[in-house]
>>> print(open('input-v2.cif').read())   # mmCIF, C-alpha atoms and all ligand atoms
data_my_file
#
loop_
_atom_site.label_atom_id
_atom_site.label_comp_id
_atom_site.auth_asym_id
_atom_site.auth_seq_id
_atom_site.Cartn_x
_atom_site.Cartn_y
_atom_site.Cartn_z
CA MET G 279 -52.01 -17.65 84.29
CA ASN G 280 -55.40 -17.81 82.69
CA ASP G 281 -59.02 -17.58 83.68
CA ILE G 282 -61.20 -20.32 82.27
CA LEU G 283 -64.52 -18.77 81.35
CA PRO G 284 -68.02 -20.14 80.78
CA GLY G 285 -68.08 -21.20 77.14
CA GLU G 286 -64.55 -22.63 77.56
CA VAL G 287 -65.07 -24.54 80.79
CA GLU G 288 -67.44 -26.99 79.06
CA THR G 289 -64.53 -28.31 77.00
CA TRP G 290 -62.47 -28.67 80.20
CA GLN G 291 -65.31 -30.61 81.82
CA PHE G 292 -65.56 -32.81 78.75
CA LEU G 293 -61.80 -33.56 78.90
CA GLU G 294 -61.91 -34.27 82.63
CA ALA G 295 -64.96 -36.53 82.29
CA ALA G 296 -63.32 -38.44 79.41
CA ALA G 297 -60.14 -38.91 81.49
CA ARG G 298 -62.11 -40.20 84.48
CA ARG G 299 -64.04 -42.59 82.25
CA VAL G 300 -61.06 -43.96 80.30
CA PHE G 301 -58.70 -44.18 83.28
CA SER G 302 -61.26 -45.98 85.41
CA LEU G 303 -61.85 -48.48 82.58
CA HIS G 304 -58.12 -49.21 82.82
CA GLY G 305 -58.27 -49.62 86.62
CA PHE G 306 -56.78 -46.27 87.69
CA SER G 307 -58.10 -44.48 90.81
CA GLU G 308 -57.95 -40.77 91.47
CA ILE G 309 -55.54 -39.30 94.01
CA ARG G 310 -55.60 -35.66 95.14
CA VAL G 311 -52.40 -34.16 96.48
CA PRO G 312 -51.65 -30.61 97.68
CA VAL G 313 -50.47 -27.93 95.27
CA VAL G 314 -47.66 -26.95 97.66
CA GLU G 315 -44.84 -29.22 98.80
CA LYS G 316 -41.45 -28.82 100.45
CA THR G 317 -39.02 -27.46 97.86
CA GLU G 318 -36.56 -30.29 98.37
CA LEU G 319 -39.12 -32.85 97.15
CA PHE G 320 -38.91 -31.32 93.68
CA SER G 321 -35.18 -30.59 93.64
CA ARG G 322 -34.42 -34.18 94.69
CA SER G 323 -36.76 -35.84 92.22
CA ILE G 324 -36.81 -33.59 89.13
CA GLY G 325 -33.08 -32.89 89.48
CA GLU G 326 -31.01 -29.93 90.74
CA THR G 327 -29.65 -29.14 87.27
CA THR G 328 -32.89 -29.24 85.30
CA ASP G 329 -34.43 -26.06 83.89
CA ILE G 330 -37.49 -26.60 86.08
CA VAL G 331 -35.52 -26.63 89.34
CA GLU G 332 -32.87 -24.10 88.30
CA LYS G 333 -35.14 -21.48 86.82
CA GLU G 334 -38.84 -22.20 86.84
CA MET G 335 -40.12 -22.99 90.31
CA TYR G 336 -42.34 -20.66 92.33
CA THR G 337 -40.55 -21.03 95.66
CA PHE G 338 -41.24 -19.08 98.83
CA GLN G 339 -40.64 -19.20 102.56
CA ASP G 340 -43.64 -19.73 104.81
CA LYS G 341 -44.07 -18.07 108.19
CA GLY G 342 -42.22 -20.95 109.84
CA GLY G 343 -39.17 -20.41 107.64
CA ASN G 344 -39.75 -23.55 105.53
CA SER G 345 -38.96 -23.41 101.84
CA LEU G 346 -42.11 -24.40 99.93
CA THR G 347 -42.81 -24.64 96.20
CA LEU G 348 -45.95 -24.55 94.07
CA ARG G 349 -45.80 -27.93 92.36
CA PRO G 350 -44.28 -27.77 88.88
CA GLU G 351 -45.51 -31.33 88.11
CA GLY G 352 -47.43 -34.13 89.78
CA THR G 353 -45.20 -37.22 89.84
CA ALA G 354 -43.04 -36.14 92.79
CA SER G 355 -46.09 -35.30 94.93
CA VAL G 356 -47.82 -38.59 94.11
CA MET G 357 -44.66 -40.55 95.03
CA ARG G 358 -44.41 -38.56 98.28
CA ALA G 359 -48.03 -39.50 99.09
CA LEU G 360 -47.46 -43.14 98.12
CA ILE G 361 -44.51 -43.35 100.52
CA GLU G 362 -46.16 -41.33 103.30
CA HIS G 363 -49.32 -43.48 103.31
CA LYS G 364 -47.54 -46.73 102.42
CA LEU G 365 -49.96 -47.31 99.57
CA TYR G 366 -47.65 -50.07 98.31
CA ALA G 367 -48.49 -52.11 101.44
CA ARG G 368 -52.17 -52.12 100.42
CA ASP G 369 -51.54 -53.14 96.84
CA PRO G 370 -48.37 -54.24 95.02
CA LEU G 371 -49.48 -52.25 91.95
CA ASN G 372 -50.91 -48.77 92.51
CA LYS G 373 -52.56 -47.27 89.44
CA LEU G 374 -53.30 -43.63 90.18
CA PHE G 375 -54.43 -40.57 88.26
CA TYR G 376 -54.64 -36.88 89.15
CA LEU G 377 -55.70 -33.62 87.62
CA GLY G 378 -55.03 -30.05 88.57
CA PRO G 379 -52.90 -26.95 88.23
CA MET G 380 -49.09 -26.97 87.99
CA PHE G 381 -46.81 -23.91 88.10
CA ARG G 382 -43.67 -23.13 86.13
CA HIS G 383 -42.13 -19.70 85.66
CA GLU G 384 -41.51 -20.12 81.93
CA ARG G 385 -41.76 -17.54 79.18
CA PRO G 386 -45.45 -17.70 78.25
CA GLN G 387 -46.40 -18.42 74.64
CA LYS G 388 -49.10 -20.35 72.82
CA GLY G 389 -49.47 -23.66 74.67
CA ARG G 390 -47.08 -22.64 77.43
CA TYR G 391 -48.32 -20.92 80.58
CA ARG G 392 -47.15 -20.26 84.12
CA GLN G 393 -50.18 -21.89 85.68
CA PHE G 394 -51.18 -24.80 83.50
CA HIS G 395 -53.13 -27.97 84.13
CA GLN G 396 -52.13 -31.57 83.84
CA ILE G 397 -54.09 -34.77 83.76
CA GLY G 398 -51.56 -37.39 84.80
CA VAL G 399 -51.30 -41.07 85.64
CA GLU G 400 -48.77 -43.13 87.55
CA ALA G 401 -48.54 -46.93 87.76
CA VAL G 402 -46.19 -47.92 90.58
CA GLY G 403 -44.98 -51.35 91.62
CA VAL G 404 -44.41 -53.36 88.44
CA ASP G 405 -41.58 -53.05 85.91
CA HIS G 406 -42.88 -55.59 83.40
CA PRO G 407 -42.93 -54.17 79.83
CA SER G 408 -46.64 -54.98 79.57
CA ILE G 409 -47.40 -52.18 82.05
CA ASP G 410 -45.47 -49.73 79.84
CA ALA G 411 -47.53 -50.87 76.86
CA GLN G 412 -50.73 -50.70 78.91
CA THR G 413 -49.96 -47.10 79.94
CA LEU G 414 -49.20 -46.09 76.36
CA ALA G 415 -52.27 -47.86 75.04
CA MET G 416 -54.38 -46.01 77.60
CA LEU G 417 -52.95 -42.69 76.41
CA SER G 418 -53.83 -43.65 72.87
CA HIS G 419 -57.33 -44.76 73.98
CA PHE G 420 -57.85 -41.36 75.64
CA ALA G 421 -56.68 -39.50 72.52
CA ASP G 422 -59.12 -41.52 70.39
CA GLU G 423 -61.93 -41.02 72.90
CA ILE G 424 -61.70 -37.22 72.70
CA GLY G 425 -61.27 -37.31 68.92
CA LEU G 426 -57.65 -36.20 68.56
CA ARG G 427 -56.11 -37.01 65.22
CA ASP G 428 -52.72 -36.75 63.53
CA LEU G 429 -50.70 -37.40 66.64
CA ASP G 430 -47.33 -39.09 66.74
CA LEU G 431 -46.50 -41.24 69.75
CA GLN G 432 -42.72 -41.12 69.96
CA LEU G 433 -40.77 -43.63 72.05
CA ASN G 434 -37.24 -43.80 73.31
CA SER G 435 -35.33 -45.54 76.06
CA LEU G 436 -33.09 -43.58 78.40
CA GLY G 437 -31.38 -46.65 79.84
CA CYS G 438 -30.65 -47.24 83.50
CA PRO G 439 -27.87 -46.67 86.05
CA VAL G 440 -26.05 -49.67 84.53
CA CYS G 441 -25.80 -48.41 80.95
CA ARG G 442 -26.26 -44.65 81.17
CA PRO G 443 -22.88 -43.72 82.78
CA ASP G 444 -20.97 -45.36 79.91
CA TYR G 445 -23.16 -43.67 77.35
CA ARG G 446 -22.75 -40.34 79.14
CA GLU G 447 -18.96 -40.67 78.82
CA GLN G 448 -19.28 -41.34 75.09
CA LEU G 449 -21.57 -38.36 74.67
CA LEU G 450 -19.16 -36.13 76.61
CA THR G 451 -16.29 -37.19 74.36
CA PHE G 452 -18.40 -36.42 71.30
CA LEU G 453 -19.48 -33.03 72.67
CA GLN G 454 -16.03 -32.04 73.84
CA GLU G 455 -14.85 -31.92 70.24
CA ARG G 456 -17.73 -29.61 69.34
CA LEU G 457 -17.93 -27.30 72.35
CA ASP G 458 -17.16 -24.23 70.23
CA ALA G 459 -20.26 -24.86 68.11
CA LEU G 460 -22.59 -25.05 71.12
CA CYS G 461 -24.63 -22.21 72.63
CA ASP G 462 -23.75 -20.86 76.11
CA ASP G 463 -26.57 -22.87 77.70
CA CYS G 464 -25.33 -26.09 76.14
CA ARG G 465 -21.75 -25.44 77.21
CA ARG G 466 -23.11 -25.22 80.74
CA ARG G 467 -25.25 -28.33 80.17
CA TYR G 468 -22.12 -30.12 79.00
CA GLN G 469 -20.85 -29.77 82.57
CA THR G 470 -24.10 -30.43 84.43
CA ASN G 471 -26.57 -32.40 82.33
CA PRO G 472 -25.07 -33.38 78.95
CA LEU G 473 -28.10 -35.36 77.71
CA ARG G 474 -30.06 -32.11 77.65
CA VAL G 475 -27.75 -30.80 74.91
CA LEU G 476 -29.59 -33.17 72.56
CA ASP G 477 -32.84 -31.36 73.31
CA CYS G 478 -31.56 -27.83 72.53
CA LYS G 479 -33.65 -25.97 69.95
CA VAL G 480 -30.79 -23.70 68.78
CA ALA G 481 -30.00 -24.51 65.13
CA GLY G 482 -26.20 -24.50 65.67
CA CYS G 483 -26.52 -27.02 68.52
CA ARG G 484 -28.82 -29.26 66.51
CA GLU G 485 -26.39 -29.28 63.63
CA ALA G 486 -23.38 -29.92 65.85
CA THR G 487 -25.07 -32.85 67.59
CA HIS G 488 -26.65 -34.33 64.48
CA GLU G 489 -24.47 -37.41 64.66
CA ALA G 490 -24.20 -37.64 68.42
CA PRO G 491 -24.35 -41.16 69.85
CA ALA G 492 -27.86 -42.15 70.98
CA MET G 493 -28.72 -43.80 74.30
CA LEU G 494 -30.90 -46.25 72.42
CA ASP G 495 -27.83 -47.69 70.66
CA HIS G 496 -25.98 -48.12 73.96
CA LEU G 497 -28.54 -49.89 76.14
CA CYS G 498 -27.51 -52.77 78.39
CA LYS G 499 -29.14 -56.12 77.67
CA ASP G 500 -31.82 -55.68 80.31
CA CYS G 501 -32.88 -52.25 78.95
CA ASP G 502 -32.66 -53.43 75.37
CA ASP G 503 -34.85 -56.48 76.05
CA HIS G 504 -37.30 -54.31 77.97
CA PHE G 505 -37.62 -51.82 75.12
CA SER G 506 -38.08 -54.59 72.51
CA ALA G 507 -40.77 -56.17 74.65
CA VAL G 508 -42.64 -52.85 75.07
CA ARG G 509 -42.59 -52.47 71.30
CA SER G 510 -43.79 -55.98 70.72
CA TYR G 511 -46.73 -55.53 73.15
CA LEU G 512 -47.67 -52.30 71.34
CA ASP G 513 -47.36 -54.01 67.96
CA GLY G 514 -49.62 -56.78 69.24
CA LEU G 515 -52.24 -54.18 70.21
CA GLY G 516 -51.90 -52.36 66.90
CA THR G 517 -50.97 -49.12 68.73
CA SER G 518 -48.92 -47.01 66.36
CA TYR G 519 -45.74 -45.23 67.46
CA SER G 520 -42.41 -44.12 66.12
CA VAL G 521 -38.96 -44.32 67.71
CA ASN G 522 -37.23 -41.00 68.37
CA LYS G 523 -33.65 -41.68 69.46
CA ARG G 524 -33.00 -38.02 70.18
CA MET G 525 -35.80 -37.60 72.67
CA VAL G 526 -34.54 -36.64 76.11
CA ARG G 527 -36.78 -35.42 78.89
CA GLY G 528 -36.63 -32.28 80.98
CA LEU G 529 -36.81 -34.20 84.28
CA ASP G 530 -33.97 -36.32 85.62
CA TYR G 531 -35.91 -39.22 87.16
CA TYR G 532 -36.51 -41.13 83.93
CA THR G 533 -35.14 -44.60 83.19
CA LYS G 534 -35.86 -46.98 80.29
CA THR G 535 -39.07 -46.21 78.35
CA THR G 536 -39.77 -42.51 77.71
CA PHE G 537 -42.33 -41.07 75.35
CA GLU G 538 -44.06 -37.99 74.03
CA LEU G 539 -47.35 -37.62 72.20
CA VAL G 540 -46.59 -34.95 69.62
CA THR G 541 -48.78 -32.80 67.38
CA GLY G 542 -47.85 -30.71 64.37
CA GLN G 543 -50.54 -28.15 65.17
CA LEU G 544 -49.17 -26.24 68.15
CA GLY G 545 -45.89 -24.82 66.91
CA ALA G 546 -42.97 -25.10 69.32
CA GLN G 547 -45.07 -26.48 72.18
CA ASN G 548 -45.73 -29.72 70.35
CA ALA G 549 -45.94 -32.22 73.23
CA VAL G 550 -49.56 -32.86 74.18
CA ALA G 551 -48.51 -35.50 76.69
CA ALA G 552 -45.22 -36.87 77.91
CA GLY G 553 -43.89 -39.37 80.38
CA GLY G 554 -41.89 -42.46 81.01
CA ARG G 555 -40.52 -44.95 83.48
CA TYR G 556 -38.84 -43.82 86.71
CA ASP G 557 -37.61 -46.98 88.41
CA GLY G 558 -35.30 -45.35 90.97
CA LEU G 559 -37.52 -42.49 92.10
CA VAL G 560 -39.47 -44.01 95.00
CA LYS G 561 -36.25 -45.33 96.58
CA GLN G 562 -34.51 -42.02 96.01
CA LEU G 563 -37.30 -40.27 97.92
CA GLY G 564 -36.90 -42.58 100.92
CA GLY G 565 -39.42 -45.30 100.00
CA PRO G 566 -38.88 -48.94 99.07
CA GLU G 567 -37.41 -50.01 95.75
CA LEU G 568 -40.49 -49.68 93.54
CA PRO G 569 -40.52 -49.19 89.78
CA GLY G 570 -43.02 -46.81 88.21
CA ILE G 571 -44.22 -45.38 84.94
CA GLY G 572 -46.60 -42.57 84.05
CA PHE G 573 -47.39 -39.60 81.89
CA ALA G 574 -49.05 -36.21 82.08
CA MET G 575 -51.09 -34.40 79.46
CA GLY G 576 -51.25 -30.62 79.18
CA VAL G 577 -54.95 -29.71 79.37
CA GLU G 578 -54.46 -26.27 77.74
CA ARG G 579 -52.82 -28.00 74.78
CA LEU G 580 -55.64 -30.53 74.51
CA PHE G 581 -58.05 -27.59 74.66
CA LEU G 582 -56.25 -25.80 71.81
CA LEU G 583 -56.43 -28.93 69.68
CA LEU G 584 -60.15 -29.36 70.36
CA GLU G 585 -61.17 -25.77 69.74
CA GLY G 586 -62.47 -26.65 66.31
CA SER G 587 -65.07 -28.91 67.90
CA ARG G 588 -66.10 -26.78 70.84
CA CYS G 589 -68.39 -28.23 73.44
CA GLU G 590 -71.75 -26.59 73.89
CA ALA G 591 -72.71 -24.97 77.16
CA THR G 592 -75.45 -26.61 79.18
CA LYS G 593 -78.90 -25.48 78.08
CA PRO G 594 -82.08 -25.31 80.13
CA ASP G 595 -84.60 -28.10 79.61
CA VAL G 596 -87.37 -25.61 80.22
CA PHE G 597 -87.77 -21.86 80.60
CA LEU G 598 -90.80 -20.71 82.60
CA ALA G 599 -92.37 -17.55 81.22
CA ALA G 600 -95.03 -15.84 83.31
CA LEU G 601 -97.68 -13.19 82.69
CA GLY G 602 -98.64 -11.23 85.76
CA GLU G 603 -97.43 -11.24 89.36
CA LYS G 604 -99.50 -14.24 90.50
CA ALA G 605 -98.26 -16.36 87.60
CA ARG G 606 -94.68 -15.24 88.25
CA ARG G 607 -94.91 -16.50 91.82
CA GLU G 608 -96.34 -19.81 90.58
CA ALA G 609 -93.57 -20.07 87.96
CA PHE G 610 -90.95 -19.36 90.62
CA ASN G 611 -92.22 -22.21 92.82
CA ARG G 612 -92.61 -24.60 89.87
CA MET G 613 -89.07 -23.80 88.68
CA HIS G 614 -87.64 -24.68 92.07
CA HIS G 615 -89.54 -27.99 92.23
CA LEU G 616 -88.43 -28.91 88.72
CA GLN G 617 -84.80 -28.15 89.62
CA ARG G 618 -85.04 -30.36 92.69
CA ARG G 619 -86.36 -33.15 90.48
CA GLY G 620 -83.29 -32.91 88.23
CA ILE G 621 -84.74 -30.76 85.45
CA ARG G 622 -82.73 -27.76 84.26
CA ALA G 623 -85.29 -24.99 84.73
CA GLU G 624 -84.83 -21.24 84.27
CA MET G 625 -86.98 -18.11 84.34
CA GLU G 626 -86.74 -14.35 84.06
CA TYR G 627 -86.35 -12.91 87.55
CA GLN G 628 -87.44 -9.39 86.75
CA THR G 629 -90.83 -8.35 85.46
CA LYS G 630 -90.52 -8.38 81.69
CA SER G 631 -92.89 -8.63 78.75
CA LEU G 632 -93.68 -12.06 77.31
CA LYS G 633 -91.71 -11.09 74.21
CA ALA G 634 -88.62 -10.26 76.28
CA GLN G 635 -89.00 -13.54 78.20
CA MET G 636 -89.22 -15.49 74.94
CA ARG G 637 -86.11 -13.73 73.69
CA ARG G 638 -84.22 -14.74 76.82
CA ALA G 639 -85.44 -18.37 76.53
CA ASP G 640 -84.18 -18.39 72.96
CA LYS G 641 -80.82 -16.89 73.92
CA LEU G 642 -80.32 -19.53 76.61
CA GLY G 643 -81.23 -22.24 74.10
CA ALA G 644 -84.11 -23.63 76.19
CA ARG G 645 -85.64 -26.77 74.75
CA PHE G 646 -89.17 -25.88 75.94
CA VAL G 647 -90.92 -22.79 77.27
CA LEU G 648 -93.74 -23.22 79.76
CA ILE G 649 -96.00 -20.17 79.54
CA LEU G 650 -98.09 -19.42 82.61
CA GLY G 651 -100.90 -16.88 82.26
CA GLU G 652 -103.30 -15.82 85.03
CA ASP G 653 -106.40 -17.19 83.25
CA GLU G 654 -104.74 -20.52 82.59
CA LEU G 655 -103.58 -20.72 86.17
CA THR G 656 -107.16 -20.71 87.39
CA ARG G 657 -107.78 -23.68 85.10
CA GLY G 658 -104.58 -25.43 86.38
CA VAL G 659 -102.98 -25.50 82.92
CA ALA G 660 -100.13 -23.84 81.01
CA GLN G 661 -98.93 -23.61 77.41
CA LEU G 662 -95.92 -25.74 76.53
CA ARG G 663 -93.97 -24.45 73.55
CA ASP G 664 -91.47 -26.68 71.80
CA MET G 665 -88.72 -24.30 70.71
CA ALA G 666 -87.44 -26.70 68.06
CA ASP G 667 -90.57 -26.49 65.87
CA SER G 668 -92.54 -23.68 67.59
CA SER G 669 -95.49 -26.04 68.18
CA GLN G 670 -97.56 -25.38 71.26
CA ARG G 671 -99.89 -27.48 73.41
CA GLU G 672 -101.74 -27.17 76.66
CA VAL G 673 -100.46 -29.19 79.63
CA GLU G 674 -101.94 -29.75 83.09
CA LEU G 675 -99.74 -28.29 85.81
CA ALA G 676 -100.63 -31.25 88.05
CA ARG G 677 -99.06 -33.58 85.47
CA LEU G 678 -95.80 -31.71 84.87
CA GLU G 679 -93.85 -34.66 86.27
CA GLU G 680 -94.97 -36.71 83.29
CA VAL G 681 -93.96 -33.96 80.87
CA PHE G 682 -90.46 -33.42 82.23
CA VAL G 683 -88.51 -36.55 83.03
CA PRO G 684 -85.02 -36.01 84.46
CA SER G 685 -82.05 -37.44 82.60
CA PRO G 686 -80.54 -40.39 84.49
CA ASN G 687 -77.39 -38.56 85.59
CA PRO G 688 -77.61 -34.80 85.08
CA ALA G 689 -74.08 -34.24 86.47
CA ALA G 690 -72.59 -36.39 83.74
CA THR G 691 -74.19 -34.37 80.97
CA ASP G 692 -72.63 -31.03 81.75
CA ALA G 693 -71.57 -30.45 78.20
CA THR G 694 -72.22 -31.98 74.83
CA CYS G 695 -69.28 -32.10 72.49
CA ALA G 696 -69.06 -32.56 68.78
P1 LIG X 701 -43.56 -32.76 81.37
O1 LIG X 701 -43.05 -33.20 80.06
O2 LIG X 701 -42.76 -31.73 82.08
O3 LIG X 701 -43.68 -34.07 82.26
O4 LIG X 701 -45.04 -32.23 81.24
C1 LIG X 701 -46.06 -33.06 80.69
C2 LIG X 701 -46.97 -32.24 79.80
O5 LIG X 701 -47.48 -31.12 80.51
C3 LIG X 701 -46.29 -31.63 78.58
O6 LIG X 701 -46.19 -32.57 77.54
C4 LIG X 701 -47.25 -30.51 78.23
O7 LIG X 701 -48.36 -31.01 77.51
C5 LIG X 701 -47.71 -30.05 79.59
N1 LIG X 701 -46.94 -28.85 80.01
C6 LIG X 701 -45.72 -28.81 80.59
N2 LIG X 701 -45.36 -27.54 80.84
C7 LIG X 701 -46.35 -26.75 80.42
C8 LIG X 701 -46.59 -25.32 80.39
N3 LIG X 701 -45.72 -24.45 80.91
N4 LIG X 701 -47.76 -24.87 79.87
C9 LIG X 701 -48.67 -25.74 79.36
N5 LIG X 701 -48.51 -27.08 79.36
C10 LIG X 701 -47.37 -27.59 79.88
C11 LIG X 701 -44.13 -34.07 83.55
O8 LIG X 701 -44.60 -33.14 84.11
C12 LIG X 701 -44.06 -35.44 84.17
N6 LIG X 701 -44.50 -35.34 85.58
C13 LIG X 701 -44.92 -36.43 83.42
C14 LIG X 701 -44.85 -37.81 84.00
C15 LIG X 701 -45.78 -38.40 84.77
N7 LIG X 701 -43.84 -38.64 83.87
C16 LIG X 701 -44.11 -39.75 84.55
N8 LIG X 701 -45.27 -39.60 85.10
#
>>> encode(input="input-v2.cif", output="structure tokens")
Amino acid sequence: MNDILPGEVETWQFLEAAARRVFSLHGFSEIRVPVVEKTELFSRSIGETTDIVEKEMYTFQDKGGNSLTLRPEGTASVMRALIEHKLYARDPLNKLFYLGPMFRHERPQKGRYRQFHQIGVEAVGVDHPSIDAQTLAMLSHFADEIGLRDLDLQLNSLGCPVCRPDYREQLLTFLQERLDALCDDCRRRYQTNPLRVLDCKVAGCREATHEAPAMLDHLCKDCDDHFSAVRSYLDGLGTSYSVNKRMVRGLDYYTKTTFELVTGQLGAQNAVAAGGRYDGLVKQLGGPELPGIGFAMGVERLFLLLEGSRCEATKPDVFLAALGEKARREAFNRMHHLQRRGIRAEMEYQTKSLKAQMRRADKLGARFVLILGEDELTRGVAQLRDMADSSQREVELARLEEVFVPSPNPAATDATCA
């Protein structure tokens, strides 16, 4: 679990602001759900036999004896909220996004943490392939917006309750003949969750399952048509992708379209974002029969990819330097008024020499320094130094409002990013 420090947080703010901007352009609204839910919400939705539920959840009993869990992902909580507040009665298509911390007790490594952050989206209510393509195109729009390059959007279809049982039988037959070549985990998965065998990273398992049947080749007509249509919408948009027949997901709720946005730059933790369709989930959690699709991005992984183009911390518009106690008091008052008018103003709080104050202004990266001396104060003027070219001019204190004009939306300019 990491601290996010000044100097890093600007990149986080940049990513969050870009997500809010892009997602709202695509008609998604933010939803905020608690970080703690009843344990059974996750075991029922993610699946009892998944790694997340079997090994990775932070689960505890509260004082009332209820079993609670720090959320390992956001989809289950958003579906719980959708059902609890009957959001589907307000709108037949709910397009929602969320951001915040998630918790999984995994072995930490680069790009994998125990508290990590996701920016996720869910579109619930429509199963038309155009909404799959829309969701994928939005992910690609976001990646372009923040300047990510060399990513591979990989697609697969995991079928539905009509075609998956047959496929599962075929996979079991295939695996049965190769059980001796599989690792202990996969021999267990063979019993509980055979599709996950295809996702095993152990070389022996990969080799043994090289020619395993793929779900994509065993789709029913409905799933097959759906997948072709998603592809044709993406082709129409010019959104590039590849098909990865071996992709399975670590959560059990997926049906039909699944996808991962993969990078070659993060070693084993190569999925920057992942998601898919989950048409049975809302019903399974006690809601009406509503289809859904979504994805979540790992913010730490986005951060690692962006580190080359770090965002700059916010810099003061003006640093007020004062000579003498009377001028310091004047500078203090002026600074406060400037701040209230939306100007980023700073000063040195302790009594320091002008040289030390200039050094501090320089360190903070102030655009201007306003130097107030006692003599000048009596004349109602100050020296304004432009730190970019070291030029200096006299300004009237009564006309400072004309000198410093606030930017239209200071909150939106928290960080500038290359
Ligand atoms: P997921 O594949 O488990 O899917 O996680 C999505 C993304 O979260 C991953 O691709 C990765 O970028 C990031 N992530 C996951 N675990 C960690 C970790 N331990 N440390 C750092 N980053 C991590 C889900 O969570 C689904 N709820 C996504 C979804 C939304 N499907 C439909 N809607």
>>> residues_near_ligand(input="input-v2.cif", ligand="ligand LIG 701 (chain X)", cutoff="8 Å", atoms="only C-alpha atoms and all ligand atoms", output="ChimeraX atom specification")
/G:350-354,381-384,386,389-396,398-400,527-529,532,538-539,547-556,571-580
>>> closest_residue(input="input-v2.cif", among="G:Ile282, G:Met665, G:Val300, G:Val673", to="His419 (chain G)", atoms="all atoms listed in the file")
G:Val300
>>> atom_distance(input="input-v2.cif", atom1="CA of Tyr531 (chain G)", atom2="CA of Gly325 (chain G)")
7.3 Å
>>> residues_around(input="input-v2.cif", residues="Asp462 (chain G)", least_positions_apart="5", cutoff="12 Å", atoms="all atoms listed in the file", output="list in words")
Leu457, Arg467, Tyr468, Gln469, Val475, Cys478, Val480, Gly482 and Cys483 of chain G
>>> atom_distance(input="input-v2.cif", atom1="CA of Leu494 (chain G)", atom2="CA of Leu436 (chain G)")
6.9 Å
>>> atom_distance(input="input-v2.cif", atom1="CA of Gln291 (chain G)", atom2="CA of Ser685 (chain G)")
18.1 Å
>>> closest_residue(input="input-v2.cif", among="G:Val683, G:Val402, G:Arg466, G:Gly378", to="Gln617 (chain G)", atoms="all atoms listed in the file")
G:Val683
>>> residues_around(input="input-v2.cif", residues="Glu318 (chain G)", least_positions_apart="6", cutoff="12 Å", atoms="all atoms listed in the file", output="number ranges by chain")
G: 324-326, 331, 335, 337, 344-349, 354-355, 358, 563
